[in-house]
>>> print(open('model24.cif').read())   # mmCIF, N, CA and C atoms
data_start
loop_
_atom_site.label_atom_id
_atom_site.label_comp_id
_atom_site.auth_asym_id
_atom_site.auth_seq_id
_atom_site.Cartn_x
_atom_site.Cartn_y
_atom_site.Cartn_z
N MET T 1 -5.67 21.76 -13.44
CA MET T 1 -5.88 20.75 -14.48
C MET T 1 -4.91 19.61 -14.24
N SER T 2 -5.40 18.45 -14.41
CA SER T 2 -4.59 17.27 -14.11
C SER T 2 -4.25 16.48 -15.36
N ALA T 3 -3.02 16.64 -15.83
CA ALA T 3 -2.57 15.82 -16.95
C ALA T 3 -2.45 14.38 -16.48
N GLY T 4 -2.87 13.47 -17.31
CA GLY T 4 -2.80 12.07 -16.95
C GLY T 4 -4.00 11.57 -16.19
N VAL T 5 -4.96 12.46 -15.93
CA VAL T 5 -6.20 12.08 -15.26
C VAL T 5 -7.33 12.37 -16.23
N GLY T 6 -8.20 11.39 -16.42
CA GLY T 6 -9.30 11.58 -17.36
C GLY T 6 -10.61 11.06 -16.83
N VAL T 7 -11.64 11.42 -17.56
CA VAL T 7 -12.99 10.94 -17.31
C VAL T 7 -13.47 10.30 -18.60
N MET T 8 -14.12 9.16 -18.48
CA MET T 8 -14.64 8.47 -19.66
C MET T 8 -16.15 8.31 -19.52
N LEU T 9 -16.88 8.90 -20.45
CA LEU T 9 -18.33 8.73 -20.52
C LEU T 9 -18.60 7.43 -21.26
N CYS T 10 -18.98 6.42 -20.50
CA CYS T 10 -19.19 5.09 -21.07
C CYS T 10 -20.00 4.27 -20.09
N ASP T 11 -21.09 3.69 -20.56
CA ASP T 11 -21.88 2.86 -19.65
C ASP T 11 -21.58 1.37 -19.82
N ASP T 12 -20.58 1.04 -20.62
CA ASP T 12 -20.15 -0.34 -20.83
C ASP T 12 -19.00 -0.65 -19.87
N LEU T 13 -19.30 -1.35 -18.79
CA LEU T 13 -18.31 -1.62 -17.76
C LEU T 13 -17.12 -2.42 -18.28
N ILE T 14 -17.37 -3.39 -19.13
CA ILE T 14 -16.28 -4.21 -19.65
C ILE T 14 -15.33 -3.37 -20.52
N PHE T 15 -15.88 -2.55 -21.41
CA PHE T 15 -15.05 -1.71 -22.26
C PHE T 15 -14.30 -0.67 -21.42
N PHE T 16 -15.00 -0.08 -20.44
CA PHE T 16 -14.33 0.89 -19.57
C PHE T 16 -13.17 0.23 -18.83
N SER T 17 -13.36 -0.99 -18.35
CA SER T 17 -12.31 -1.71 -17.63
C SER T 17 -11.08 -1.89 -18.50
N ARG T 18 -11.30 -2.13 -19.77
CA ARG T 18 -10.18 -2.28 -20.71
C ARG T 18 -9.39 -0.98 -20.81
N VAL T 19 -10.09 0.13 -20.93
CA VAL T 19 -9.43 1.44 -21.03
C VAL T 19 -8.74 1.77 -19.71
N ALA T 20 -9.43 1.55 -18.60
CA ALA T 20 -8.85 1.86 -17.29
C ALA T 20 -7.60 1.02 -17.04
N GLY T 21 -7.60 -0.23 -17.47
CA GLY T 21 -6.43 -1.09 -17.32
C GLY T 21 -5.24 -0.56 -18.11
N LYS T 22 -5.48 -0.12 -19.33
CA LYS T 22 -4.40 0.46 -20.15
C LYS T 22 -3.88 1.73 -19.48
N ALA T 23 -4.79 2.52 -18.91
CA ALA T 23 -4.39 3.75 -18.23
C ALA T 23 -3.51 3.43 -17.03
N ARG T 24 -3.94 2.51 -16.19
CA ARG T 24 -3.15 2.13 -15.00
C ARG T 24 -1.76 1.63 -15.40
N ALA T 25 -1.70 0.83 -16.45
CA ALA T 25 -0.41 0.29 -16.91
C ALA T 25 0.54 1.41 -17.35
N ALA T 26 -0.03 2.53 -17.78
CA ALA T 26 0.78 3.67 -18.23
C ALA T 26 0.97 4.72 -17.13
N GLY T 27 0.49 4.42 -15.91
CA GLY T 27 0.63 5.38 -14.82
C GLY T 27 -0.38 6.51 -14.87
N LEU T 28 -1.49 6.28 -15.55
CA LEU T 28 -2.54 7.28 -15.71
C LEU T 28 -3.77 6.85 -14.93
N SER T 29 -4.75 7.72 -14.88
CA SER T 29 -5.99 7.42 -14.17
C SER T 29 -7.19 7.87 -15.01
N VAL T 30 -8.16 6.98 -15.15
CA VAL T 30 -9.40 7.32 -15.85
C VAL T 30 -10.57 6.92 -14.97
N ARG T 31 -11.46 7.87 -14.73
CA ARG T 31 -12.65 7.60 -13.93
C ARG T 31 -13.85 7.44 -14.86
N GLN T 32 -14.75 6.54 -14.51
CA GLN T 32 -15.92 6.27 -15.34
C GLN T 32 -17.08 7.16 -14.93
N ALA T 33 -17.76 7.68 -15.95
CA ALA T 33 -19.01 8.39 -15.77
C ALA T 33 -20.03 7.71 -16.69
N ARG T 34 -21.15 7.30 -16.15
CA ARG T 34 -22.14 6.59 -16.95
C ARG T 34 -23.14 7.53 -17.61
N THR T 35 -23.16 8.79 -17.18
CA THR T 35 -24.09 9.78 -17.74
C THR T 35 -23.35 11.10 -17.96
N PRO T 36 -23.87 11.95 -18.84
CA PRO T 36 -23.26 13.27 -19.01
C PRO T 36 -23.24 14.07 -17.70
N ALA T 37 -24.27 13.94 -16.88
CA ALA T 37 -24.30 14.66 -15.60
C ALA T 37 -23.16 14.19 -14.70
N ALA T 38 -22.84 12.90 -14.74
CA ALA T 38 -21.73 12.37 -13.93
C ALA T 38 -20.39 12.90 -14.45
N VAL T 39 -20.26 13.09 -15.76
CA VAL T 39 -19.03 13.68 -16.32
C VAL T 39 -18.82 15.05 -15.70
N LEU T 40 -19.87 15.86 -15.70
CA LEU T 40 -19.76 17.21 -15.17
C LEU T 40 -19.46 17.21 -13.68
N GLU T 41 -20.06 16.31 -12.95
CA GLU T 41 -19.81 16.21 -11.50
C GLU T 41 -18.35 15.88 -11.24
N LEU T 42 -17.81 14.90 -11.96
CA LEU T 42 -16.40 14.54 -11.80
C LEU T 42 -15.47 15.67 -12.23
N ALA T 43 -15.82 16.35 -13.30
CA ALA T 43 -14.99 17.46 -13.80
C ALA T 43 -14.95 18.61 -12.82
N ARG T 44 -16.05 18.82 -12.09
CA ARG T 44 -16.08 19.88 -11.09
C ARG T 44 -15.23 19.51 -9.87
N GLN T 45 -15.13 18.23 -9.57
CA GLN T 45 -14.33 17.77 -8.43
C GLN T 45 -12.84 17.93 -8.72
N GLN T 46 -12.43 17.55 -9.94
CA GLN T 46 -11.04 17.66 -10.37
C GLN T 46 -11.04 17.81 -11.89
N THR T 47 -10.59 18.95 -12.37
CA THR T 47 -10.57 19.18 -13.80
C THR T 47 -9.70 18.13 -14.47
N PRO T 48 -10.29 17.34 -15.36
CA PRO T 48 -9.50 16.29 -16.02
C PRO T 48 -8.63 16.87 -17.14
N GLY T 49 -7.57 16.15 -17.45
CA GLY T 49 -6.75 16.52 -18.61
C GLY T 49 -7.47 16.19 -19.90
N GLY T 50 -8.33 15.17 -19.84
CA GLY T 50 -9.08 14.77 -21.02
C GLY T 50 -10.37 14.08 -20.66
N VAL T 51 -11.32 14.17 -21.58
CA VAL T 51 -12.61 13.49 -21.43
C VAL T 51 -12.81 12.63 -22.67
N ILE T 52 -13.01 11.34 -22.44
CA ILE T 52 -13.25 10.39 -23.52
C ILE T 52 -14.75 10.13 -23.57
N ILE T 53 -15.34 10.27 -24.76
CA ILE T 53 -16.79 10.21 -24.89
C ILE T 53 -17.22 9.11 -25.84
N ASP T 54 -18.01 8.18 -25.32
CA ASP T 54 -18.66 7.17 -26.15
C ASP T 54 -19.89 7.84 -26.74
N LEU T 55 -19.90 8.03 -28.04
CA LEU T 55 -20.99 8.76 -28.69
C LEU T 55 -22.33 8.03 -28.65
N HIS T 56 -22.31 6.78 -28.22
CA HIS T 56 -23.56 6.01 -28.15
C HIS T 56 -24.12 5.95 -26.75
N ASN T 57 -23.68 6.87 -25.90
CA ASN T 57 -24.21 6.94 -24.55
C ASN T 57 -25.65 7.44 -24.62
N ALA T 58 -26.54 6.74 -23.94
CA ALA T 58 -27.96 7.10 -23.95
C ALA T 58 -28.17 8.52 -23.42
N GLY T 59 -28.95 9.29 -24.14
CA GLY T 59 -29.29 10.64 -23.70
C GLY T 59 -28.22 11.68 -23.91
N LEU T 60 -27.21 11.37 -24.70
CA LEU T 60 -26.10 12.30 -24.91
C LEU T 60 -26.52 13.45 -25.82
N ASP T 61 -26.39 14.66 -25.31
CA ASP T 61 -26.53 15.89 -26.10
C ASP T 61 -25.13 16.49 -26.10
N LEU T 62 -24.35 16.11 -27.08
CA LEU T 62 -22.92 16.45 -27.10
C LEU T 62 -22.66 17.96 -27.08
N PRO T 63 -23.32 18.77 -27.90
CA PRO T 63 -23.05 20.21 -27.82
C PRO T 63 -23.32 20.78 -26.43
N ALA T 64 -24.38 20.33 -25.79
CA ALA T 64 -24.70 20.82 -24.44
C ALA T 64 -23.65 20.35 -23.44
N LEU T 65 -23.22 19.09 -23.55
CA LEU T 65 -22.20 18.58 -22.64
C LEU T 65 -20.91 19.38 -22.78
N LEU T 66 -20.48 19.62 -24.02
CA LEU T 66 -19.23 20.37 -24.22
C LEU T 66 -19.33 21.79 -23.68
N ALA T 67 -20.48 22.43 -23.87
CA ALA T 67 -20.67 23.79 -23.36
C ALA T 67 -20.64 23.80 -21.83
N GLU T 68 -21.29 22.83 -21.21
CA GLU T 68 -21.30 22.76 -19.74
C GLU T 68 -19.92 22.39 -19.20
N LEU T 69 -19.21 21.55 -19.91
CA LEU T 69 -17.86 21.16 -19.50
C LEU T 69 -16.93 22.38 -19.54
N LYS T 70 -17.06 23.16 -20.59
CA LYS T 70 -16.24 24.38 -20.73
C LYS T 70 -16.53 25.35 -19.59
N ALA T 71 -17.81 25.47 -19.21
CA ALA T 71 -18.18 26.36 -18.12
C ALA T 71 -17.72 25.83 -16.76
N ALA T 72 -17.65 24.51 -16.62
CA ALA T 72 -17.30 23.89 -15.34
C ALA T 72 -15.81 23.85 -15.06
N CYS T 73 -15.00 23.96 -16.09
CA CYS T 73 -13.54 23.78 -15.95
C CYS T 73 -12.82 25.10 -16.23
N ALA T 74 -11.76 25.34 -15.46
CA ALA T 74 -10.97 26.55 -15.67
C ALA T 74 -10.36 26.56 -17.07
N VAL T 75 -9.90 25.39 -17.51
CA VAL T 75 -9.37 25.21 -18.87
C VAL T 75 -10.07 24.00 -19.45
N MET T 76 -10.54 24.14 -20.66
CA MET T 76 -11.28 23.06 -21.31
C MET T 76 -10.39 21.84 -21.47
N PRO T 77 -10.83 20.68 -20.96
CA PRO T 77 -10.05 19.47 -21.17
C PRO T 77 -10.09 19.03 -22.64
N ARG T 78 -9.11 18.26 -23.03
CA ARG T 78 -9.12 17.68 -24.37
C ARG T 78 -10.30 16.72 -24.45
N THR T 79 -11.00 16.69 -25.57
CA THR T 79 -12.15 15.80 -25.72
C THR T 79 -11.91 14.83 -26.87
N ILE T 80 -12.02 13.55 -26.55
CA ILE T 80 -11.83 12.48 -27.51
C ILE T 80 -13.15 11.73 -27.61
N ALA T 81 -13.69 11.61 -28.80
CA ALA T 81 -14.97 10.92 -28.99
C ALA T 81 -14.80 9.75 -29.94
N PHE T 82 -15.55 8.69 -29.66
CA PHE T 82 -15.53 7.53 -30.55
C PHE T 82 -16.94 6.99 -30.70
N GLY T 83 -17.17 6.36 -31.85
CA GLY T 83 -18.48 5.78 -32.12
C GLY T 83 -18.38 4.76 -33.24
N SER T 84 -19.51 4.24 -33.62
CA SER T 84 -19.57 3.22 -34.66
C SER T 84 -19.14 3.79 -36.02
N HIS T 85 -18.33 3.03 -36.74
CA HIS T 85 -17.89 3.47 -38.06
C HIS T 85 -19.05 3.54 -39.05
N VAL T 86 -20.11 2.82 -38.81
CA VAL T 86 -21.24 2.84 -39.74
C VAL T 86 -22.16 4.05 -39.51
N GLU T 87 -21.94 4.77 -38.42
CA GLU T 87 -22.74 5.96 -38.14
C GLU T 87 -21.90 7.21 -38.41
N ALA T 88 -21.59 7.39 -39.68
CA ALA T 88 -20.72 8.49 -40.09
C ALA T 88 -21.30 9.85 -39.70
N GLU T 89 -22.61 9.99 -39.73
CA GLU T 89 -23.24 11.27 -39.37
C GLU T 89 -23.00 11.61 -37.90
N THR T 90 -23.03 10.61 -37.05
CA THR T 90 -22.75 10.82 -35.62
C THR T 90 -21.32 11.30 -35.43
N LEU T 91 -20.38 10.70 -36.15
CA LEU T 91 -18.98 11.11 -36.06
C LEU T 91 -18.81 12.54 -36.59
N ARG T 92 -19.46 12.86 -37.70
CA ARG T 92 -19.39 14.23 -38.25
C ARG T 92 -19.97 15.23 -37.26
N ALA T 93 -21.08 14.88 -36.62
CA ALA T 93 -21.72 15.78 -35.66
C ALA T 93 -20.80 16.04 -34.47
N ALA T 94 -20.05 15.04 -34.05
CA ALA T 94 -19.11 15.21 -32.94
C ALA T 94 -17.98 16.16 -33.33
N ARG T 95 -17.51 16.04 -34.56
CA ARG T 95 -16.47 16.97 -35.03
C ARG T 95 -17.02 18.39 -35.06
N LYS T 96 -18.23 18.52 -35.57
CA LYS T 96 -18.86 19.84 -35.66
C LYS T 96 -19.12 20.43 -34.28
N ALA T 97 -19.43 19.58 -33.30
CA ALA T 97 -19.70 20.05 -31.94
C ALA T 97 -18.45 20.59 -31.27
N GLY T 98 -17.27 20.17 -31.77
CA GLY T 98 -16.03 20.72 -31.24
C GLY T 98 -15.11 19.75 -30.52
N CYS T 99 -15.35 18.47 -30.64
CA CYS T 99 -14.43 17.50 -30.02
C CYS T 99 -13.05 17.63 -30.65
N ASP T 100 -12.03 17.49 -29.84
CA ASP T 100 -10.66 17.61 -30.34
C ASP T 100 -10.28 16.47 -31.27
N ARG T 101 -10.80 15.29 -30.98
CA ARG T 101 -10.49 14.11 -31.80
C ARG T 101 -11.73 13.24 -31.87
N VAL T 102 -12.08 12.80 -33.05
CA VAL T 102 -13.25 11.93 -33.26
C VAL T 102 -12.80 10.78 -34.14
N MET T 103 -13.20 9.55 -33.74
CA MET T 103 -12.77 8.39 -34.51
C MET T 103 -13.75 7.23 -34.33
N PRO T 104 -13.70 6.30 -35.26
CA PRO T 104 -14.49 5.07 -35.08
C PRO T 104 -13.94 4.29 -33.88
N ARG T 105 -14.80 3.50 -33.27
CA ARG T 105 -14.41 2.71 -32.09
C ARG T 105 -13.19 1.82 -32.37
N SER T 106 -13.14 1.22 -33.56
CA SER T 106 -12.01 0.34 -33.89
C SER T 106 -10.69 1.11 -33.89
N GLN T 107 -10.70 2.32 -34.39
CA GLN T 107 -9.49 3.15 -34.39
C GLN T 107 -9.13 3.56 -32.96
N PHE T 108 -10.14 3.87 -32.16
CA PHE T 108 -9.91 4.21 -30.76
C PHE T 108 -9.16 3.07 -30.05
N VAL T 109 -9.64 1.85 -30.25
CA VAL T 109 -9.02 0.68 -29.62
C VAL T 109 -7.60 0.49 -30.15
N GLU T 110 -7.42 0.67 -31.44
CA GLU T 110 -6.10 0.50 -32.06
C GLU T 110 -5.08 1.50 -31.52
N GLU T 111 -5.51 2.74 -31.29
CA GLU T 111 -4.61 3.81 -30.87
C GLU T 111 -4.53 3.98 -29.35
N LEU T 112 -5.38 3.27 -28.63
CA LEU T 112 -5.52 3.46 -27.18
C LEU T 112 -4.19 3.43 -26.43
N GLU T 113 -3.45 2.37 -26.56
CA GLU T 113 -2.23 2.22 -25.78
C GLU T 113 -1.20 3.29 -26.11
N ALA T 114 -1.01 3.57 -27.38
CA ALA T 114 0.01 4.52 -27.80
C ALA T 114 -0.38 5.98 -27.54
N ASP T 115 -1.67 6.30 -27.60
CA ASP T 115 -2.09 7.69 -27.57
C ASP T 115 -2.81 8.14 -26.30
N LEU T 116 -3.10 7.22 -25.38
CA LEU T 116 -3.89 7.56 -24.21
C LEU T 116 -3.28 8.71 -23.40
N ALA T 117 -1.99 8.69 -23.19
CA ALA T 117 -1.34 9.76 -22.42
C ALA T 117 -1.59 11.12 -23.08
N GLY T 118 -1.48 11.20 -24.38
CA GLY T 118 -1.74 12.45 -25.08
C GLY T 118 -3.19 12.88 -25.00
N TRP T 119 -4.08 11.90 -25.02
CA TRP T 119 -5.51 12.22 -24.92
C TRP T 119 -5.87 12.80 -23.56
N LEU T 120 -5.09 12.44 -22.55
CA LEU T 120 -5.38 12.92 -21.19
C LEU T 120 -4.53 14.12 -20.81
N THR T 121 -3.94 14.75 -21.80
CA THR T 121 -3.14 15.95 -21.58
C THR T 121 -3.96 17.16 -22.04
N PRO T 122 -4.03 18.19 -21.23
CA PRO T 122 -4.81 19.36 -21.60
C PRO T 122 -4.36 19.96 -22.94
N THR T 123 -5.29 20.59 -23.63
CA THR T 123 -4.98 21.22 -24.91
C THR T 123 -4.27 22.55 -24.76
N ALA T 124 -4.37 23.15 -23.58
CA ALA T 124 -3.73 24.44 -23.34
C ALA T 124 -3.11 24.45 -21.95
N ASP T 125 -2.03 25.18 -21.80
CA ASP T 125 -1.38 25.34 -20.51
C ASP T 125 -2.22 26.30 -19.67
N PRO T 126 -2.60 25.93 -18.42
CA PRO T 126 -3.40 26.82 -17.59
C PRO T 126 -2.77 28.18 -17.36
N GLY T 127 -1.45 28.30 -17.51
CA GLY T 127 -0.78 29.57 -17.32
C GLY T 127 -0.87 30.49 -18.52
N GLU T 128 -1.38 30.00 -19.62
CA GLU T 128 -1.45 30.83 -20.83
C GLU T 128 -2.60 31.81 -20.78
#
>>> encode(input="model24.cif", output="structure tokens")
Amino acid sequence: MSAGVGVMLCDDLIFFSRVAGKARAAGLSVRQARTPAAVLELARQQTPGGVIIDLHNAGLDLPALLAELKAACAVMPRTIAFGSHVEAETLRAARKAGCDRVMPRSQFVEELEADLAGWLTPTADPGE
């Protein structure tokens, strides 16, 4: 498991670039996945410390993605999800699906710089 290395499910290149820039500035690395299948492919190559999920990704079946991610990784990476504040049901569904942290996009942006390192840190020590 790689602390400080993450995968971001996001098909918005401009927004991803903003997150990747903050990561680089903090000595971290975030790779972009435009589809849930790409998230799994990247996670199989190198288990990320965290996976950031844009809940508005087309074709996202979050419970299925989380189950496949858990099966693909030796230790489940931390999962951070964000979405529109006006779609409260989507945010509730992400919490119910098992994401470690769920927040509106505005809160994600506000907390990004201060919390990104923690988001990309595994929830459990692989030795446990």
>>> closest_atom_pairs(input="model24.cif", of="range 19-56 of chain T", to="range 116-119 of chain T", cutoff="12 Å", atoms="only C-alpha atoms", output="JSON lines")
{"residue": "T:Val19", "atom": "CA", "partner": "T:Leu116", "partner_atom": "CA", "distance": 8.8}
{"residue": "T:Ala20", "atom": "CA", "partner": "T:Leu116", "partner_atom": "CA", "distance": 10.2}
{"residue": "T:Gly21", "atom": "CA", "partner": "T:Leu116", "partner_atom": "CA", "distance": 11.3}
{"residue": "T:Lys22", "atom": "CA", "partner": "T:Leu116", "partner_atom": "CA", "distance": 8.2}
{"residue": "T:Ala23", "atom": "CA", "partner": "T:Leu116", "partner_atom": "CA", "distance": 7.1}
{"residue": "T:Arg24", "atom": "CA", "partner": "T:Leu116", "partner_atom": "CA", "distance": 10.7}
{"residue": "T:Ala25", "atom": "CA", "partner": "T:Leu116", "partner_atom": "CA", "distance": 10.9}
{"residue": "T:Ala26", "atom": "CA", "partner": "T:Ala117", "partner_atom": "CA", "distance": 7.7}
{"residue": "T:Gly27", "atom": "CA", "partner": "T:Ala117", "partner_atom": "CA", "distance": 9.0}
{"residue": "T:Leu28", "atom": "CA", "partner": "T:Ala117", "partner_atom": "CA", "distance": 7.3}
{"residue": "T:Ser29", "atom": "CA", "partner": "T:Ala117", "partner_atom": "CA", "distance": 9.8}
{"residue": "T:Val30", "atom": "CA", "partner": "T:Leu116", "partner_atom": "CA", "distance": 10.0}
{"residue": "T:Pro48", "atom": "CA", "partner": "T:Trp119", "partner_atom": "CA", "distance": 10.6}
{"residue": "T:Gly49", "atom": "CA", "partner": "T:Trp119", "partner_atom": "CA", "distance": 7.7}
{"residue": "T:Gly50", "atom": "CA", "partner": "T:Trp119", "partner_atom": "CA", "distance": 5.9}
{"residue": "T:Val51", "atom": "CA", "partner": "T:Trp119", "partner_atom": "CA", "distance": 8.0}
{"residue": "T:Ile52", "atom": "CA", "partner": "T:Trp119", "partner_atom": "CA", "distance": 8.1}
{"residue": "T:Ile53", "atom": "CA", "partner": "T:Trp119", "partner_atom": "CA", "distance": 11.5}
>>> write_last_selection(input="model24.cif", atoms="N, CA and C atoms", output="short mmCIF file (atom, residue, chain, number, x, y, z; two decimals), in the coordinates of the input")
data_model
loop_
_atom_site.label_atom_id
_atom_site.label_comp_id
_atom_site.auth_asym_id
_atom_site.auth_seq_id
_atom_site.Cartn_x
_atom_site.Cartn_y
_atom_site.Cartn_z
N VAL T 19 -10.09 0.13 -20.93
CA VAL T 19 -9.43 1.44 -21.03
C VAL T 19 -8.74 1.77 -19.71
N ALA T 20 -9.43 1.55 -18.60
CA ALA T 20 -8.85 1.86 -17.29
C ALA T 20 -7.60 1.02 -17.04
N GLY T 21 -7.60 -0.23 -17.47
CA GLY T 21 -6.43 -1.09 -17.32
C GLY T 21 -5.24 -0.56 -18.11
N LYS T 22 -5.48 -0.12 -19.33
CA LYS T 22 -4.40 0.46 -20.15
C LYS T 22 -3.88 1.73 -19.48
N ALA T 23 -4.79 2.52 -18.91
CA ALA T 23 -4.39 3.75 -18.23
C ALA T 23 -3.51 3.43 -17.03
N ARG T 24 -3.94 2.51 -16.19
CA ARG T 24 -3.15 2.13 -15.00
C ARG T 24 -1.76 1.63 -15.40
N ALA T 25 -1.70 0.83 -16.45
CA ALA T 25 -0.41 0.29 -16.91
C ALA T 25 0.54 1.41 -17.35
N ALA T 26 -0.03 2.53 -17.78
CA ALA T 26 0.78 3.67 -18.23
C ALA T 26 0.97 4.72 -17.13
N GLY T 27 0.49 4.42 -15.91
CA GLY T 27 0.63 5.38 -14.82
C GLY T 27 -0.38 6.51 -14.87
N LEU T 28 -1.49 6.28 -15.55
CA LEU T 28 -2.54 7.28 -15.71
C LEU T 28 -3.77 6.85 -14.93
N SER T 29 -4.75 7.72 -14.88
CA SER T 29 -5.99 7.42 -14.17
C SER T 29 -7.19 7.87 -15.01
N VAL T 30 -8.16 6.98 -15.15
CA VAL T 30 -9.40 7.32 -15.85
C VAL T 30 -10.57 6.92 -14.97
N PRO T 48 -10.29 17.34 -15.36
CA PRO T 48 -9.50 16.29 -16.02
C PRO T 48 -8.63 16.87 -17.14
N GLY T 49 -7.57 16.15 -17.45
CA GLY T 49 -6.75 16.52 -18.61
C GLY T 49 -7.47 16.19 -19.90
N GLY T 50 -8.33 15.17 -19.84
CA GLY T 50 -9.08 14.77 -21.02
C GLY T 50 -10.37 14.08 -20.66
N VAL T 51 -11.32 14.17 -21.58
CA VAL T 51 -12.61 13.49 -21.43
C VAL T 51 -12.81 12.63 -22.67
N ILE T 52 -13.01 11.34 -22.44
CA ILE T 52 -13.25 10.39 -23.52
C ILE T 52 -14.75 10.13 -23.57
N ILE T 53 -15.34 10.27 -24.76
CA ILE T 53 -16.79 10.21 -24.89
C ILE T 53 -17.22 9.11 -25.84
#
>>> select_by_dssp(input="model24.cif", residues="chain T", states="alpha helix (DSSP H)", output="PyMOL selection string")
chain T and resi 13-25+36-45+62-72+88-97+105-119
>>> atom_distance(input="model24.cif", atom1="atom C of Val5 in chain T", atom2="CA of Val86 in chain T")
28.9 Å
>>> resolve_selection(input="model24.cif", expression="the PyMOL selection byres (((chain T and resi 74 and name CA) around 10) and name CA)", output="list in words")
Met1, Arg44, Thr47, Leu69, Lys70, Ala71, Ala72, Cys73, Val75, Met76, Pro77 and Pro126 of chain T
>>> closest_atom_pairs(input="model24.cif", of="range 59-117 of chain T", to="range 36-41 of chain T", cutoff="9 Å", atoms="only C-alpha atoms", output="Markdown table")
| residue | atom | partner | partner_atom | distance |
| --- | --- | --- | --- | --- |
| T:Gly59 | CA | T:Pro36 | CA | 8.1 |
| T:Leu60 | CA | T:Pro36 | CA | 6.6 |
| T:Asp61 | CA | T:Pro36 | CA | 8.2 |
| T:Leu62 | CA | T:Pro36 | CA | 8.7 |
| T:Leu65 | CA | T:Pro36 | CA | 6.5 |
| T:Glu68 | CA | T:Leu40 | CA | 7.4 |
| T:Leu69 | CA | T:Leu40 | CA | 6.2 |
| T:Ala72 | CA | T:Leu40 | CA | 7.1 |
>>> write_last_selection(input="model24.cif", atoms="N, CA and C atoms", output="mmCIF file, in the frame of the given file")
data_model
loop_
_atom_site.group_PDB
_atom_site.id
_atom_site.type_symbol
_atom_site.label_atom_id
_atom_site.label_comp_id
_atom_site.auth_asym_id
_atom_site.auth_seq_id
_atom_site.Cartn_x
_atom_site.Cartn_y
_atom_site.Cartn_z
ATOM 1 N N GLY T 59 -28.950 9.290 -24.140
ATOM 2 C CA GLY T 59 -29.290 10.640 -23.700
ATOM 3 C C GLY T 59 -28.220 11.680 -23.910
ATOM 4 N N LEU T 60 -27.210 11.370 -24.700
ATOM 5 C CA LEU T 60 -26.100 12.300 -24.910
ATOM 6 C C LEU T 60 -26.520 13.450 -25.820
ATOM 7 N N ASP T 61 -26.390 14.660 -25.310
ATOM 8 C CA ASP T 61 -26.530 15.890 -26.100
ATOM 9 C C ASP T 61 -25.130 16.490 -26.100
ATOM 10 N N LEU T 62 -24.350 16.110 -27.080
ATOM 11 C CA LEU T 62 -22.920 16.450 -27.100
ATOM 12 C C LEU T 62 -22.660 17.960 -27.080
ATOM 13 N N LEU T 65 -23.220 19.090 -23.550
ATOM 14 C CA LEU T 65 -22.200 18.580 -22.640
ATOM 15 C C LEU T 65 -20.910 19.380 -22.780
ATOM 16 N N GLU T 68 -21.290 22.830 -21.210
ATOM 17 C CA GLU T 68 -21.300 22.760 -19.740
ATOM 18 C C GLU T 68 -19.920 22.390 -19.200
ATOM 19 N N LEU T 69 -19.210 21.550 -19.910
ATOM 20 C CA LEU T 69 -17.860 21.160 -19.500
ATOM 21 C C LEU T 69 -16.930 22.380 -19.540
ATOM 22 N N ALA T 72 -17.650 24.510 -16.620
ATOM 23 C CA ALA T 72 -17.300 23.890 -15.340
ATOM 24 C C ALA T 72 -15.810 23.850 -15.060
#
>>> select_by_dssp(input="model24.cif", residues="chain T", states="strand (DSSP E)", output="PyMOL selection string")
chain T and resi 2-9+29-33+48-54+78-83+101-104
>>> closest_residue(input="model24.cif", among="T:Leu55, T:Ala33, T:Leu42, T:Leu9", to="Thr90 in chain T", atoms="only N, CA and C atoms")
T:Leu55
>>> atom_distance(input="model24.cif", atom1="CA of Arg105 in chain T", atom2="CA of Gln45 in chain T")
28.0 Å
>>> atom_distance(input="model24.cif", atom1="atom N of Ala64 in chain T", atom2="atom N of Glu87 in chain T")
20.2 Å
>>> closest_residue(input="model24.cif", among="T:Met8, T:Leu66, T:Ala81, T:Ala88", to="Met103 in chain T", atoms="all atoms listed in the file")
T:Ala81
>>> decode(input="model24.cif", residues="range 38-47 of chain T", atoms="N, CA and C atoms", output="compact mmCIF listing (two decimals), in the first residue's frame")
# COMPACT_ATOMS: atom_id res chain seq x y z
N ALA T 38 -11.20 1.94 -14.84
CA ALA T 38 -9.83 2.47 -14.80
C ALA T 38 -9.34 2.59 -13.36
N VAL T 39 -10.23 2.90 -12.42
CA VAL T 39 -9.84 2.94 -10.99
C VAL T 39 -9.31 1.57 -10.59
N LEU T 40 -10.06 0.53 -10.94
CA LEU T 40 -9.67 -0.82 -10.57
C LEU T 40 -8.36 -1.23 -11.23
N GLU T 41 -8.18 -0.86 -12.47
CA GLU T 41 -6.94 -1.18 -13.19
C GLU T 41 -5.74 -0.53 -12.50
N LEU T 42 -5.87 0.74 -12.16
CA LEU T 42 -4.78 1.44 -11.47
C LEU T 42 -4.53 0.86 -10.08
N ALA T 43 -5.59 0.51 -9.38
CA ALA T 43 -5.46 -0.05 -8.03
C ALA T 43 -4.77 -1.41 -8.06
N ARG T 44 -4.98 -2.17 -9.13
CA ARG T 44 -4.31 -3.47 -9.25
C ARG T 44 -2.82 -3.29 -9.56
N GLN T 45 -2.47 -2.22 -10.25
CA GLN T 45 -1.06 -1.95 -10.58
C GLN T 45 -0.29 -1.54 -9.33
N GLN T 46 -0.90 -0.67 -8.51
CA GLN T 46 -0.29 -0.20 -7.27
C GLN T 46 -1.41 0.19 -6.32
N THR T 47 -1.51 -0.54 -5.22
CA THR T 47 -2.58 -0.25 -4.27
C THR T 47 -2.43 1.18 -3.76
